[in-house]
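Q: Here you go, run.cif (mmCIF, C-alpha atoms):
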data_protein
loop_
_atom_site.label_atom_id
_atom_site.label_comp_id
_atom_site.auth_asym_id
_atom_site.auth_seq_id
_atom_site.Cartn_x
_atom_site.Cartn_y
_atom_site.Cartn_z
CA MET W 1 0.00 0.00 0.00
CA LYS W 2 1.39 3.36 -1.00
CA ASN W 3 0.92 6.39 1.23
CA GLN W 4 1.06 9.18 -1.32
CA ILE W 5 2.38 12.58 -0.38
CA LYS W 6 1.07 15.80 -1.87
CA SER W 7 3.81 18.22 -0.82
CA TYR W 8 7.18 18.40 0.88
CA GLU W 9 5.45 20.00 3.87
CA ALA W 10 3.20 16.93 4.19
CA LEU W 11 6.27 14.70 4.00
CA LEU W 12 7.98 16.73 6.72
CA GLU W 13 4.96 16.34 9.01
CA ARG W 14 5.16 12.57 8.57
CA LEU W 15 8.92 12.52 9.12
CA TRP W 16 8.65 14.60 12.28
CA ALA W 17 5.93 12.29 13.60
CA ASP W 18 7.77 9.04 12.83
CA GLU W 19 11.47 8.81 13.76
CA ARG W 20 11.88 5.45 12.00
CA LEU W 21 10.44 6.83 8.76
CA LYS W 22 12.71 9.88 9.04
CA ASN W 23 15.78 7.68 9.52
CA ASN W 24 14.78 5.51 6.53
CA PHE W 25 14.21 8.62 4.42
CA ILE W 26 17.64 10.01 5.30
CA ALA W 27 19.34 6.66 4.63
CA ASN W 28 17.45 5.81 1.43
CA PRO W 29 15.32 8.70 0.15
CA LYS W 30 14.51 7.27 -3.27
CA ALA W 31 13.09 4.06 -1.79
CA THR W 32 11.07 6.06 0.72
CA PHE W 33 9.77 8.34 -2.01
CA SER W 34 8.88 5.29 -4.11
CA GLU W 35 6.86 3.83 -1.22
CA MET W 36 4.96 7.13 -1.13
CA GLY W 37 4.15 7.07 -4.82
CA VAL W 38 6.82 9.53 -5.93
CA HIS W 39 9.03 8.35 -8.78
CA ILE W 40 12.53 9.74 -9.15
CA SER W 41 14.55 8.93 -12.24
CA ASP W 42 17.29 6.34 -11.87
CA SER W 43 19.72 8.96 -13.22
CA ILE W 44 19.12 11.22 -10.20
CA THR W 45 20.82 10.77 -6.83
CA VAL W 46 19.00 12.24 -3.83
CA GLU W 47 20.91 13.23 -0.71
CA VAL W 48 19.07 14.19 2.47
CA HIS W 49 20.57 16.38 5.17
CA GLU W 50 19.02 16.85 8.60
CA ASP W 51 19.16 20.15 10.45
CA SER W 52 19.62 20.34 14.19
CA LEU W 53 19.69 23.24 16.61
CA GLU W 54 23.45 23.47 16.03
CA LEU W 55 23.47 22.69 12.29
CA LYS W 56 21.69 24.49 9.43
CA ASN W 57 21.83 23.06 5.90
CA PHE W 58 21.12 25.06 2.76
CA VAL W 59 20.86 24.02 -0.88
CA LEU W 60 22.20 26.01 -3.79
CA PRO W 61 19.77 24.95 -6.53
CA LEU W 62 20.42 24.87 -10.23
CA LYS W 63 19.53 28.24 -11.72
CA SER W 64 17.54 26.69 -14.55
CA GLU W 65 15.28 24.84 -12.09
CA SER W 66 14.77 27.57 -9.53
CA GLN W 67 14.55 30.94 -11.17
CA VAL W 68 11.08 31.68 -9.87
CA GLY W 69 9.11 29.12 -7.93
CA ASN W 70 11.54 27.34 -5.66
CA LEU W 71 13.46 30.46 -4.66
CA THR W 72 10.43 31.66 -2.74
CA GLU W 73 10.77 28.52 -0.59
CA SER W 74 14.25 29.55 0.47
CA ALA W 75 15.09 31.70 3.45
CA GLU W 76 14.63 35.38 2.62
CA GLY W 77 18.25 36.29 3.39
CA PHE W 78 19.50 33.25 1.55
CA GLN W 79 17.74 34.32 -1.68
CA ALA W 80 20.33 37.08 -2.11
CA VAL W 81 23.08 34.56 -1.43
CA ILE W 82 21.69 32.19 -4.07
CA GLN W 83 21.36 34.98 -6.63
CA GLN W 84 24.92 36.14 -6.04
CA ALA W 85 26.26 32.58 -6.27
CA TRP W 86 24.54 32.13 -9.63
CA GLU W 87 26.11 35.34 -10.94
CA ASP W 88 29.62 35.09 -9.47
CA GLU W 89 31.66 31.86 -9.54
CA SER W 90 34.22 33.26 -7.10
CA PHE W 91 31.47 34.06 -4.60
CA LYS W 92 29.94 30.61 -5.09
CA SER W 93 33.31 29.05 -4.32
CA GLN W 94 33.55 31.14 -1.12
CA LEU W 95 30.02 30.11 -0.16
CA LEU W 96 30.74 26.42 -0.58
CA GLN W 97 34.10 26.62 1.22
CA ASN W 98 33.13 28.94 4.09
CA PRO W 99 29.34 29.18 4.17
CA LYS W 100 28.89 30.72 7.61
CA ALA W 101 31.19 33.70 7.06
CA THR W 102 29.83 34.25 3.56
CA ILE W 103 26.19 34.17 4.69
CA GLN W 104 26.94 36.48 7.63
CA LYS W 105 28.59 38.96 5.27
CA VAL W 106 25.76 38.98 2.72
CA THR W 107 22.85 38.99 5.20
CA GLY W 108 24.49 41.22 7.80
CA THR W 109 23.41 38.79 10.51
CA GLU W 110 25.78 37.88 13.32
CA LEU W 111 25.51 34.14 13.94
CA SER W 112 26.45 32.16 17.02
CA ASP W 113 29.95 30.71 17.13
CA THR W 114 28.39 27.32 17.88
CA LEU W 115 26.14 27.30 14.81
CA ILE W 116 27.41 25.20 11.90
CA ILE W 117 26.22 26.01 8.39
CA ARG W 118 26.64 23.73 5.41
CA VAL W 119 25.76 24.53 1.82
CA TYR W 120 25.21 21.83 -0.79
CA GLU W 121 25.09 22.45 -4.52
CA ASP W 122 22.53 20.67 -6.67
CA THR W 123 23.73 19.32 -10.00
CA PRO W 124 21.78 17.86 -12.91
CA THR W 125 22.25 14.41 -11.36
CA VAL W 126 22.38 15.12 -7.60
CA LYS W 127 19.52 16.74 -5.69
CA HIS W 128 19.78 17.73 -2.04
CA LEU W 129 16.85 17.92 0.38
CA VAL W 130 16.86 19.26 3.91
CA VAL W 131 14.86 17.96 6.85
CA PRO W 132 14.61 21.04 9.05
CA VAL W 133 14.20 21.03 12.81
CA ASN W 134 10.57 20.75 13.85
CA THR W 135 10.33 24.24 15.28
CA ALA W 136 7.10 23.37 17.07
CA ASN W 137 9.23 21.21 19.40
CA GLU W 138 12.46 23.21 19.58
CA GLU W 139 13.82 26.67 20.31
CA LEU W 140 14.86 28.60 17.24
CA ASN W 141 18.49 29.53 16.59
CA GLU W 142 19.49 33.02 15.40
CA LEU W 143 19.26 32.13 11.72
CA ASP W 144 15.77 30.68 12.15
CA LEU W 145 14.72 33.76 14.14
CA MET W 146 16.01 36.01 11.35
CA MET W 147 13.95 34.10 8.79
CA VAL W 148 10.79 34.14 10.92
CA ALA W 149 11.20 37.88 11.51
CA GLY W 150 11.36 38.28 7.74
CA GLY W 151 8.03 36.46 7.39
CA VAL W 152 9.44 33.41 5.63
CA THR W 153 9.45 29.73 6.41
CA THR W 154 12.23 28.37 8.57
CA SER W 155 12.77 25.30 6.43
CA GLY W 156 15.44 26.60 4.08
CA ILE W 157 14.23 23.91 1.70
CA VAL W 158 14.62 24.06 -2.00
CA ALA W 159 12.90 20.95 -3.22
CA ALA W 160 14.16 19.07 -6.23
#
Could I get this structure in the form of structure tokens?
A:
Amino acid sequence: MKNQIKSYEALLERLWADERLKNNFIANPKATFSEMGVHISDSITVEVHEDSLELKNFVLPLKSESQVGNLTESAEGFQAVIQQAWEDESFKSQLLQNPKATIQKVTGTELSDTLIIRVYEDTPTVKHLVVPVNTANEELNELDLMMVAGGVTTSGIVAA
């Protein structure tokens, strides 16, 4: 029996409610998607990264796939980072090598020394998804607070 999902938000609700499902999804996302009625091409690799209170993951999507729709799903401050990375290879390299300092510089937000930020770059054959912290159960870190204050979601997700 397939339990179809209608949106990434619906998937997140299920993952947050079922630790075993979340662990299976992180370990083998394509099989989990398949069980939920979502087909992903064999030529695509899906990598899932889980946020924690000390770790925030972001995805630099392909420009061709994200020019309009998916960018609105990204953190407000991170939209400027994405745009700059698309336009400037040197900046993109800095972002991938030292994401925290680069994001702080672009957004003007001072982040905790204990917060770790990772940025993953989508390719035509590798898609990255982020399982954010369930903020209903946790305190928000400074980056999440900045995004909430800006009126955006705290997920930082750019779905494939």
Q: Find the distance between CA of Glu50 in chain W and CA of Val130 in chain W and write it in Å to one decimal.
A: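 These two atoms are separated by 5.7 Å.
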Q: How many Å separate CA of Gln97 in chain W from CA of Thr45 in chain W?
A: 22.2 Å
Q: One decimal, in Å: what's the spacing between CA of Leu60 in chain W and CA of Glu121 in chain W?
A: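 These atoms are spaced 4.6 Å apart.
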Q: For the structure provided, state which residues fall under the PyMOL selection byres ((chain W and resi 33) around 12), and present them as a CSV table (one decimal) with C-alpha atoms, in the frame of the given file.
A:
chain,number,residue,atom,x,y,z
W,2,LYS,CA,1.4,3.4,-1.0
W,3,ASN,CA,0.9,6.4,1.2
W,4,GLN,CA,1.1,9.2,-1.3
W,5,ILE,CA,2.4,12.6,-0.4
W,6,LYS,CA,1.1,15.8,-1.9
W,7,SER,CA,3.8,18.2,-0.8
W,8,TYR,CA,7.2,18.4,0.9
W,11,LEU,CA,6.3,14.7,4.0
W,15,LEU,CA,8.9,12.5,9.1
W,21,LEU,CA,10.4,6.8,8.8
W,22,LYS,CA,12.7,9.9,9.0
W,24,ASN,CA,14.8,5.5,6.5
W,25,PHE,CA,14.2,8.6,4.4
W,26,ILE,CA,17.6,10.0,5.3
W,27,ALA,CA,19.3,6.7,4.6
W,28,ASN,CA,17.4,5.8,1.4
W,29,PRO,CA,15.3,8.7,0.2
W,30,LYS,CA,14.5,7.3,-3.3
W,31,ALA,CA,13.1,4.1,-1.8
W,32,THR,CA,11.1,6.1,0.7
W,34,SER,CA,8.9,5.3,-4.1
W,35,GLU,CA,6.9,3.8,-1.2
W,36,MET,CA,5.0,7.1,-1.1
W,37,GLY,CA,4.2,7.1,-4.8
W,38,VAL,CA,6.8,9.5,-5.9
W,39,HIS,CA,9.0,8.4,-8.8
W,40,ILE,CA,12.5,9.7,-9.2
W,41,SER,CA,14.6,8.9,-12.2
W,46,VAL,CA,19.0,12.2,-3.8
W,48,VAL,CA,19.1,14.2,2.5
Q: Applied to the shown file, which residues does the PyMOL selection byres ((chain W and resi 93) around 12) return, written as a list in words?
A: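 That expression, the PyMOL selection byres ((chain W and resi 93) around 12), corresponds here to Leu60, Val81, Gln84, Ala85, Trp86, Glu87, Asp88, Glu89, Ser90, Phe91, Lys92, Gln94, Leu95, Leu96, Gln97, Asn98, Pro99, Thr102, Val119, Tyr120 and Glu121 of chain W.
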Q: Calculated over only C-alpha atoms, which of the candidates W:Gln79, W:Leu55, W:Pro132, W:Glu47 has the smallest distance to Asp113 in chain W?
A: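 Ranking W:Gln79, W:Leu55, W:Pro132, W:Glu47 by distance to Asp113 in chain W, first place goes to W:Leu55.
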Q: I'd like the neighbourhood of Lys56 in chain W as a PyMOL selection string, where a residue qualifies if any of its atoms comes within 8 Å (using only C-alpha atoms), though same-chain residues fewer than 6 positions away should be ignored.
A: chain W and resi 115-118+132
Q: Using only C-alpha atoms, which of the listed residues (W:Gln104, W:Thr135, W:Val126, W:Glu19) sits closest to Ile44 in chain W?
A: W:Val126
Q: Name the residues, using the chain letters and numbers of the file, that sit within 12 Å of (28.9, 33.1, 17.9) when counting all atoms listed in the file, and give them as an NGL selection string.
A: :W and (54 or 100-101 or 104 or 109-116 or 141-143)
Q: Just checking: using only C-alpha atoms, which residue out of W:Val131, W:Thr123, W:Phe78, W:His49 ends up closest to Val106 in chain W?
A: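 The answer is W:Phe78, which sits nearest to Val106 in chain W.
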